[in-house]
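Engineer: This structure is in structure tokens; I'll ask about it shortly.
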Amino acid sequence: MAVPQLAAPPAVSPGGVRRKRRSYRAWQFVGPFMIVFALVFLAPIAYSIYLSLYRNRLIGGNAFVGLDNYRQALEDSQFWSAVGRVGLFLVVQVPIMLFLALLVALALDSGRLYGKSFFRVTIFLPYAVPAVVAALMWGFIYGSQFGLVGNLNDSLGWSLPDPLKPSLILASIGNIVTWEFIGYNMLIFYSALQVVPKSLYESAAIDGAGQFRIIRSIKLPAIRGALVIATIFSIIGSFQLFNEPAILRNLAPNAITTYFTPNFYAYSLTFSGQQFNYSAAVAVVMAVITMIVAYVVQLRGTKELG
Amino acid sequence: MSRFLKVAAVASAAVLALAACGGGDDDSSSAGSSGGATVTDAQVQAALEKGGTLTVWAWEPTLKDVVTKFQEKYPNVKVDLVNAGTGDKQYTALQNAIAAGKGVPDVGQIEYYALPQFAIGKALTNLGTYGAESLKADFNPGPWNSVNSGGGVYGLPMDSGPMALYYNKEVFDKYKIEVPKTWTEYLDAARKLHKADPKAYITNDTGDAGFTTSMIWQAGGKPYQVDGTNVTINFNDPGSQEFVKVWQTLISEKLLAPISSWSDQWFQGIGNGSIASLATGAWMPANFVSSAPGGSGKWRAAELPQWTAGSNASAENGGSSLAIMDKGANKELAYGFLKYANDGDGVQIRVDGGAFPATSKTLADPEWLGTEFKYFGGQKANEIFAKSAQNVVTGWSYLPFQVYANSVFNDTVGKAYVSDTTLTDGLKAWQDQSTKYGNEQGFTVK
């Protein structure tokens, strides 16, 4: 409707006024969001980048150092060991978690499960437990002196290894995260499955397809979008791993270093070393890495979809 | 969640900053104190009479009563006592406020180990200009040394933590273990106990920077030498090696309970006898009573075991001071409060509240010395603590960036507790990382 007016720039006064009013109205609607968006998203990012270009020292004060902090981050073996650790976490824990979540979602969707809503709620329940509380609770379970592990060893004569020792701590954290997020991912898959028309299953059954064939040829392709989304969420979640190591560190201070995960490293740099400039650089580098990995996964996921 | 934590931290700091702004005093008379001029007691007294508002950041619980009584005595003064977090959390808020130049309190509680870091950052007022030097005799040598840094006095000692050995007498008696007089005897006791009961350990340790440095302190080690911005770190000195020898054996023979201090497991262990002794500061009894009631009546205090038989060396573990912020507004008034709380009437109020004093007068007070501790079966434990306070080895200093160094202790020395890394290698790694940080921060560290 607006095309003729827009295509007539010489009509100064009426067109100008109308255009002004229109853009003003739009801003009225978008404005509140944009203000909050700028304040809560753009400003902190810009401030982080600004901080990352300076270096504030105990002796000598604040100075502009350009990209020095980034150079330091790229050569920082502690930072890269943290990235490697969450990378390992990502390739091991995320597939296990998503596979289990998918299994549960398919089981619930199959309609053959007795007490479906009970299972759905129970499996989802851990997600409703705040992450900090969950980590504390698992800390008690993992305790090899007075915790559940210790009690089992005592009363049953077992010799379970200490889940909080350095060689097992990452697996133990993976276990907590899996427990926490199976329900959440299950819900994503389950709701995606609900959208698939039931008639497809019926016709497949008439064509003689078994349950596994239906899963492979109908259900899985139908929820591929959801799979990609869940994977991306999990990648971001893995790279941002913080709560579990931060809480368990009280119990296993020697197994969880201050550079255990990139986020925890950034946190330690800021709050114990006052190196907030360097910490900002580490955070920015980590954000870029996360974006790249998530983008690659998304590209791949959508390409196969097409 | 991590982001939430950070936002929450920033938000709470902002709230505190605002609160501090509200409490900040714009009394113009205080402007004169910012120069290097000496401030007399009369001027301080005048400021107290005239009144104003003071903002104090501290987490020490007994200060609350001190503030109440202080305001009764000086009705024109209003003190805002803010708990901005304990230890590191408060330092973070404080450092943020200092960096922003806004919302800095007038007075802050700062632990001894962290004091040099704030002093060197020019965040604190040198109390020398207020005549604080003359108060030297009022305090125990340990805490007094701790507030002296680079030729200035940067705080008044509030409490102290002369070390003692706490032990579970019931467990010791049961296995016929003598209270160890030396650390070598302590090692033997550890072996004997753990052999008799594999569930019991002489003590717990998973690597604690404050404990390790205090032990090296007692052994006469001086790994940190600080001269302005020139710093030397060396854990190869005889004192540190003395500690390493005994402690490495305890670790290698798995004689230390792998339980972190302050965890629930720790308090359980103290209560049920599986942790049989603790070498820590004199502030510990209150924690025994509140968090490990199961051990009541079973525990006793004793003098710290010695590195050399027959000597009586001791060290400090913990303790904090009150310091006046350089960017604070009303410094005369702040100094008046410091004197009241840490040197004057406030001391008795805090001691009555269960704090361990840093003043020599209290330590010689017969009534205080005669206090019987129910938790220790009626033992007059203060006598032991007072003796320990007088025998603190002099000449110890912390790094001007000890807060950071302690934060990476478990990354480095901690490895010795959970892997084949030796304590010596761990300390070397700690030294290297501290050195690296110090140099990055503009110090000259060797």
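So you can find residues: chains in the structure tokens are A, B, ... in the order shown, residues in each start at 1, and ligands are numbered from 1 in order.
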Near Ser274 (chain B), counting only C-alpha atoms, which residues have an atom at most 6 Å away, once you skip same-chain residues fewer than 3 positions from it, shown as a compact mmCIF listing (two decimals) with N, CA and C atoms, in the first residue's frame?
Structural biologist:
# COMPACT_ATOMS: atom_id res chain seq x y z
N ALA B 200 40.22 -43.36 61.46
CA ALA B 200 40.59 -42.14 62.19
C ALA B 200 41.89 -41.57 61.65
N TYR B 201 41.95 -40.25 61.63
CA TYR B 201 43.14 -39.55 61.15
C TYR B 201 43.57 -38.52 62.19
N GLY B 269 33.49 -34.96 61.21
CA GLY B 269 34.71 -35.64 61.65
C GLY B 269 35.21 -35.12 63.00
Engineer: List the spatial neighbours of region 145-161 of chain A as number ranges by chain - criterion: any atom at most 9 Å away, only C-alpha atoms, same-chain residues fewer than 2 positions off excluded.
Structural biologist: A: 139-143, 163-165, 168; B: 199, 257-259, 265, 268-269
Engineer: Write the selection just made, keeping N, CA and C atoms, as a compact mmCIF listing (two decimals), in the first residue's frame?
Structural biologist:
# COMPACT_ATOMS: atom_id res chain seq x y z
N GLY A 139 27.24 -33.51 45.59
CA GLY A 139 28.45 -33.47 46.41
C GLY A 139 28.33 -34.39 47.60
N PHE A 140 27.15 -34.39 48.23
CA PHE A 140 26.92 -35.28 49.37
C PHE A 140 26.96 -36.75 48.93
N ILE A 141 26.36 -37.00 47.77
CA ILE A 141 26.34 -38.39 47.29
C ILE A 141 27.75 -38.88 46.99
N TYR A 142 28.55 -37.98 46.40
CA TYR A 142 29.89 -38.38 45.98
C TYR A 142 30.89 -38.52 47.14
N GLY A 143 30.54 -37.98 48.31
CA GLY A 143 31.50 -37.97 49.42
C GLY A 143 32.01 -39.36 49.75
N PRO A 163 34.73 -40.48 43.53
CA PRO A 163 34.30 -39.81 42.30
C PRO A 163 34.88 -38.41 42.17
N LEU A 164 35.46 -37.90 43.25
CA LEU A 164 35.96 -36.53 43.22
C LEU A 164 37.48 -36.48 43.01
N LYS A 165 38.07 -37.62 42.69
CA LYS A 165 39.51 -37.55 42.44
C LYS A 165 39.77 -37.01 41.03
N LEU A 168 38.56 -38.67 37.82
CA LEU A 168 37.14 -38.98 37.63
C LEU A 168 36.24 -37.76 37.71
N LYS B 199 39.82 -45.71 60.25
CA LYS B 199 38.86 -44.66 59.94
C LYS B 199 39.25 -43.33 60.57
N ALA B 257 43.30 -36.97 56.69
CA ALA B 257 41.96 -37.19 56.17
C ALA B 257 41.75 -36.29 54.96
N PRO B 258 41.30 -36.87 53.83
CA PRO B 258 41.09 -36.04 52.64
C PRO B 258 39.79 -35.25 52.71
N ILE B 259 39.67 -34.45 53.74
CA ILE B 259 38.44 -33.69 53.97
C ILE B 259 38.81 -32.22 54.05
N GLN B 265 31.53 -32.49 56.10
CA GLN B 265 32.26 -33.70 56.49
C GLN B 265 33.27 -33.38 57.58
N GLN B 268 31.56 -32.98 60.88
CA GLN B 268 31.18 -34.33 61.33
C GLN B 268 32.38 -35.05 61.93
N GLY B 269 33.49 -34.96 61.21
CA GLY B 269 34.71 -35.64 61.65
C GLY B 269 35.21 -35.12 63.00
Engineer: Residues of chain B within 6 Å of chain A, using only C-alpha atoms, as a list in words?
Structural biologist: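 Taking only C-alpha atoms into account, Gly121, Tyr404, Asn410, Asp411, Gly414, Gln441 and Gly442 of chain B sit within 6 Å of chain A.
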Engineer: Keeping N, CA and C atoms for every residue in the selection just given, could you write it to a file as a compact mmCIF listing (two decimals), in the first residue's frame?
Structural biologist:
# COMPACT_ATOMS: atom_id res chain seq x y z
N GLY B 121 48.30 -0.73 47.12
CA GLY B 121 47.41 -0.14 46.12
C GLY B 121 46.98 1.27 46.49
N TYR B 404 45.67 -13.12 45.67
CA TYR B 404 45.79 -13.89 44.44
C TYR B 404 46.56 -15.19 44.69
N ASN B 410 45.77 -24.25 45.48
CA ASN B 410 45.32 -25.61 45.20
C ASN B 410 45.60 -26.05 43.76
N ASP B 411 45.77 -25.09 42.87
CA ASP B 411 46.16 -25.43 41.50
C ASP B 411 47.57 -26.01 41.48
N GLY B 414 48.30 -27.99 45.74
CA GLY B 414 47.23 -28.96 45.90
C GLY B 414 47.51 -30.27 45.17
N GLN B 441 51.87 -7.65 37.41
CA GLN B 441 51.21 -6.55 38.10
C GLN B 441 52.14 -5.38 38.38
N GLY B 442 53.36 -5.46 37.88
CA GLY B 442 54.26 -4.32 38.01
C GLY B 442 55.24 -4.40 39.17
Engineer: Per DSSP on the backbone, filter region 73-222 of chain A down to the residues in helix (DSSP H, G or I) and report them as JSON, numbers by chain.
Structural biologist: {"A": [73, 74, 77, 78, 79, 80, 81, 82, 83, 84, 85, 86, 87, 88, 89, 90, 91, 92, 93, 94, 95, 96, 97, 98, 99, 100, 101, 102, 103, 104, 105, 106, 107, 108, 109, 116, 117, 118, 119, 120, 121, 122, 123, 124, 125, 126, 127, 128, 131, 132, 133, 134, 135, 136, 137, 138, 139, 140, 141, 142, 148, 149, 150, 151, 152, 153, 154, 155, 156, 169, 170, 171, 172, 173, 174, 175, 176, 177, 178, 179, 180, 181, 182, 183, 184, 185, 186, 187, 188, 189, 190, 191, 192, 193, 194, 195, 198, 199, 200, 201, 202, 203, 204, 205, 206, 211, 212, 213, 214, 215, 216, 217, 218, 219, 220, 221, 222]}
Engineer: Which residues are near region 418-425 of chain B? Cut-off 10 Å, only C-alpha atoms, ignore same chain within fewer than 4 positions. Put them as a list in words.
Structural biologist: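 Returned residues: Lys165, Pro166, Ser167, Ala252, Asn254 and Ala255 of chain A; Thr206, Gly207, Phe235, Asn236, Ser240, Gln241, Phe243, Val244, Lys245, Trp247, Gln248, Thr249, Ile251, Ser252, Pro258, Thr412, Val413, Gly414, Ala429, Trp430 and Gln431 of chain B.
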Engineer: Selected residues, N, CA and C atoms, written as a compact mmCIF listing (two decimals), in the first residue's frame, please.
Structural biologist:
# COMPACT_ATOMS: atom_id res chain seq x y z
N LYS A 165 38.07 -37.62 42.69
CA LYS A 165 39.51 -37.55 42.44
C LYS A 165 39.77 -37.01 41.03
N PRO A 166 40.95 -36.44 40.82
CA PRO A 166 41.18 -35.71 39.57
C PRO A 166 40.84 -36.48 38.30
N SER A 167 41.10 -37.81 38.29
CA SER A 167 40.88 -38.54 37.05
C SER A 167 39.39 -38.80 36.78
N ALA A 252 36.43 -30.73 46.44
CA ALA A 252 37.59 -31.29 45.74
C ALA A 252 38.48 -30.17 45.23
N ASN A 254 41.56 -29.74 45.02
CA ASN A 254 42.77 -30.05 44.25
C ASN A 254 42.46 -30.67 42.91
N ALA A 255 41.25 -31.20 42.76
CA ALA A 255 40.88 -31.82 41.49
C ALA A 255 40.34 -30.77 40.52
N THR B 206 43.59 -30.87 52.90
CA THR B 206 43.52 -31.04 51.45
C THR B 206 44.24 -29.88 50.78
N GLY B 207 45.14 -29.26 51.52
CA GLY B 207 45.85 -28.13 50.93
C GLY B 207 45.17 -26.83 51.26
N PHE B 235 60.73 -20.74 48.39
CA PHE B 235 60.29 -21.81 49.28
C PHE B 235 61.39 -22.85 49.49
N ASN B 236 62.61 -22.45 49.18
CA ASN B 236 63.72 -23.36 49.41
C ASN B 236 64.42 -23.08 50.73
N SER B 240 60.82 -23.53 55.34
CA SER B 240 59.85 -24.18 54.46
C SER B 240 60.19 -25.65 54.30
N GLN B 241 61.50 -25.94 54.20
CA GLN B 241 61.91 -27.33 54.01
C GLN B 241 61.61 -28.19 55.23
N PHE B 243 59.08 -27.84 57.20
CA PHE B 243 57.66 -28.17 57.09
C PHE B 243 57.44 -29.26 56.05
N VAL B 244 58.10 -29.11 54.89
CA VAL B 244 57.92 -30.06 53.79
C VAL B 244 58.27 -31.47 54.23
N LYS B 245 59.36 -31.59 55.00
CA LYS B 245 59.83 -32.92 55.40
C LYS B 245 58.74 -33.70 56.14
N TRP B 247 55.47 -32.86 56.50
CA TRP B 247 54.15 -32.91 55.87
C TRP B 247 54.13 -33.85 54.67
N GLN B 248 55.24 -33.92 53.94
CA GLN B 248 55.31 -34.86 52.82
C GLN B 248 55.12 -36.29 53.31
N THR B 249 55.70 -36.60 54.46
CA THR B 249 55.54 -37.95 55.01
C THR B 249 54.08 -38.21 55.36
N ILE B 251 51.52 -36.90 54.01
CA ILE B 251 50.76 -37.07 52.77
C ILE B 251 51.06 -38.43 52.15
N SER B 252 52.35 -38.75 52.02
CA SER B 252 52.74 -39.99 51.34
C SER B 252 52.19 -41.22 52.03
N PRO B 258 41.30 -36.87 53.83
CA PRO B 258 41.09 -36.04 52.64
C PRO B 258 39.79 -35.25 52.71
N THR B 412 48.38 -25.57 42.42
CA THR B 412 49.80 -25.90 42.37
C THR B 412 50.20 -26.86 43.50
N VAL B 413 50.21 -26.34 44.73
CA VAL B 413 50.59 -27.18 45.86
C VAL B 413 49.55 -28.30 46.05
N GLY B 414 48.30 -27.99 45.74
CA GLY B 414 47.23 -28.96 45.90
C GLY B 414 47.51 -30.27 45.17
N ALA B 429 55.97 -24.71 42.00
CA ALA B 429 54.99 -24.26 41.02
C ALA B 429 54.21 -23.05 41.55
N TRP B 430 53.94 -23.09 42.85
CA TRP B 430 53.22 -21.97 43.48
C TRP B 430 54.07 -20.72 43.41
N GLN B 431 55.34 -20.90 43.72
CA GLN B 431 56.30 -19.80 43.67
C GLN B 431 56.35 -19.21 42.26
Engineer: Could you jot down the CA of Asp109 (chain A) to CA of Ala222 (chain A) separation for me, Å, one decimal place?
Structural biologist: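 CA of Ala222 (chain A) lies 13.3 Å from CA of Asp109 (chain A).
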Engineer: Name all residues at most 12 Å from Arg300 (chain A) (count only C-alpha atoms; drop same-chain ones fewer than 2 positions away) and give them as a compact mmCIF listing (two decimals) with C-alpha atoms, in the first residue's frame.
Structural biologist:
# COMPACT_ATOMS: atom_id res chain seq x y z
CA ARG A 224 15.66 -33.14 13.17
CA GLY A 225 15.10 -29.43 13.80
CA LEU A 227 17.71 -32.27 17.54
CA VAL A 228 19.77 -29.45 16.08
CA ILE A 229 18.37 -26.95 18.57
CA THR A 231 22.54 -29.87 20.29
CA ILE A 232 23.25 -26.17 20.03
CA VAL A 293 31.13 -24.14 16.96
CA ALA A 294 27.40 -23.49 17.33
CA TYR A 295 27.24 -21.95 13.85
CA VAL A 296 29.04 -24.89 12.25
CA VAL A 297 26.64 -27.32 13.91
CA GLN A 298 23.68 -25.26 12.80
CA THR A 302 20.14 -27.38 8.38
CA LYS A 303 22.06 -28.52 5.31
CA GLU A 304 21.12 -32.12 5.93
CA LEU A 305 17.59 -30.97 6.48
CA GLY A 306 17.43 -29.51 2.98
Engineer: Give me the residues near region 186-192 of chain B as a PyMOL selection string, where near means some atom within 12 Å (using only C-alpha atoms) and where sequence neighbours in that chain fewer than 5 positions away do not count.
Structural biologist: chain B and resi 165+167+171-181+197-198+200-204+243+245-257+274-279+304-307
Engineer: Can you pull out every residue from region 138-315 of chain B that DSSP, working from the backbone, puts in strand (DSSP E or B), and format the result as an MDAnalysis selection string?
Structural biologist: chainID B and resid 139 148:149 152:153 156:157 162:168 182 201 203:204 224:227 230:233 256:257 275 277:281 299:302 306 314
Engineer: Put those residues in a file: C-alpha atoms, as an mmCIF file, in the first residue's frame.
Structural biologist:
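As written to disk, result11.cif reads:
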data_model
loop_
_atom_site.group_PDB
_atom_site.id
_atom_site.type_symbol
_atom_site.label_atom_id
_atom_site.label_comp_id
_atom_site.auth_asym_id
_atom_site.auth_seq_id
_atom_site.Cartn_x
_atom_site.Cartn_y
_atom_site.Cartn_z
ATOM 1 C CA PHE B 139 48.990 -4.704 70.987
ATOM 2 C CA ASN B 148 52.903 -2.516 59.643
ATOM 3 C CA SER B 149 53.733 -2.467 55.991
ATOM 4 C CA GLY B 152 53.477 2.742 57.684
ATOM 5 C CA VAL B 153 50.705 1.584 59.983
ATOM 6 C CA LEU B 156 44.606 -1.263 63.972
ATOM 7 C CA PRO B 157 44.584 -4.951 64.924
ATOM 8 C CA PRO B 162 47.765 -17.310 67.629
ATOM 9 C CA MET B 163 47.901 -21.006 66.866
ATOM 10 C CA ALA B 164 47.270 -23.895 69.193
ATOM 11 C CA LEU B 165 46.859 -27.622 68.857
ATOM 12 C CA TYR B 166 43.327 -28.780 69.523
ATOM 13 C CA TYR B 167 43.012 -32.490 70.108
ATOM 14 C CA ASN B 168 40.312 -34.992 70.927
ATOM 15 C CA THR B 182 57.191 -31.860 68.419
ATOM 16 C CA TYR B 201 43.141 -39.548 61.150
ATOM 17 C CA THR B 203 44.017 -34.324 61.191
ATOM 18 C CA ASN B 204 42.521 -33.324 57.878
ATOM 19 C CA TYR B 224 58.336 -13.887 51.252
ATOM 20 C CA GLN B 225 60.601 -10.880 51.460
ATOM 21 C CA VAL B 226 58.968 -7.605 50.604
ATOM 22 C CA ASP B 227 60.702 -4.285 50.172
ATOM 23 C CA ASN B 230 60.692 -5.518 45.210
ATOM 24 C CA VAL B 231 59.574 -8.957 46.237
ATOM 25 C CA THR B 232 61.433 -12.200 46.729
ATOM 26 C CA ILE B 233 59.684 -15.548 46.859
ATOM 27 C CA LEU B 256 45.729 -36.991 56.528
ATOM 28 C CA ALA B 257 41.959 -37.194 56.167
ATOM 29 C CA ILE B 275 39.563 -36.145 62.918
ATOM 30 C CA SER B 277 43.403 -32.946 66.138
ATOM 31 C CA LEU B 278 43.627 -29.529 64.500
ATOM 32 C CA ALA B 279 46.417 -26.996 64.500
ATOM 33 C CA THR B 280 44.721 -23.667 63.998
ATOM 34 C CA GLY B 281 44.024 -20.190 65.342
ATOM 35 C CA TRP B 299 38.417 -31.770 73.072
ATOM 36 C CA ARG B 300 41.329 -29.944 74.686
ATOM 37 C CA ALA B 301 43.744 -27.259 73.641
ATOM 38 C CA ALA B 302 47.504 -27.611 73.858
ATOM 39 C CA GLN B 306 57.528 -27.629 67.896
ATOM 40 C CA SER B 314 54.233 -20.058 67.498
#
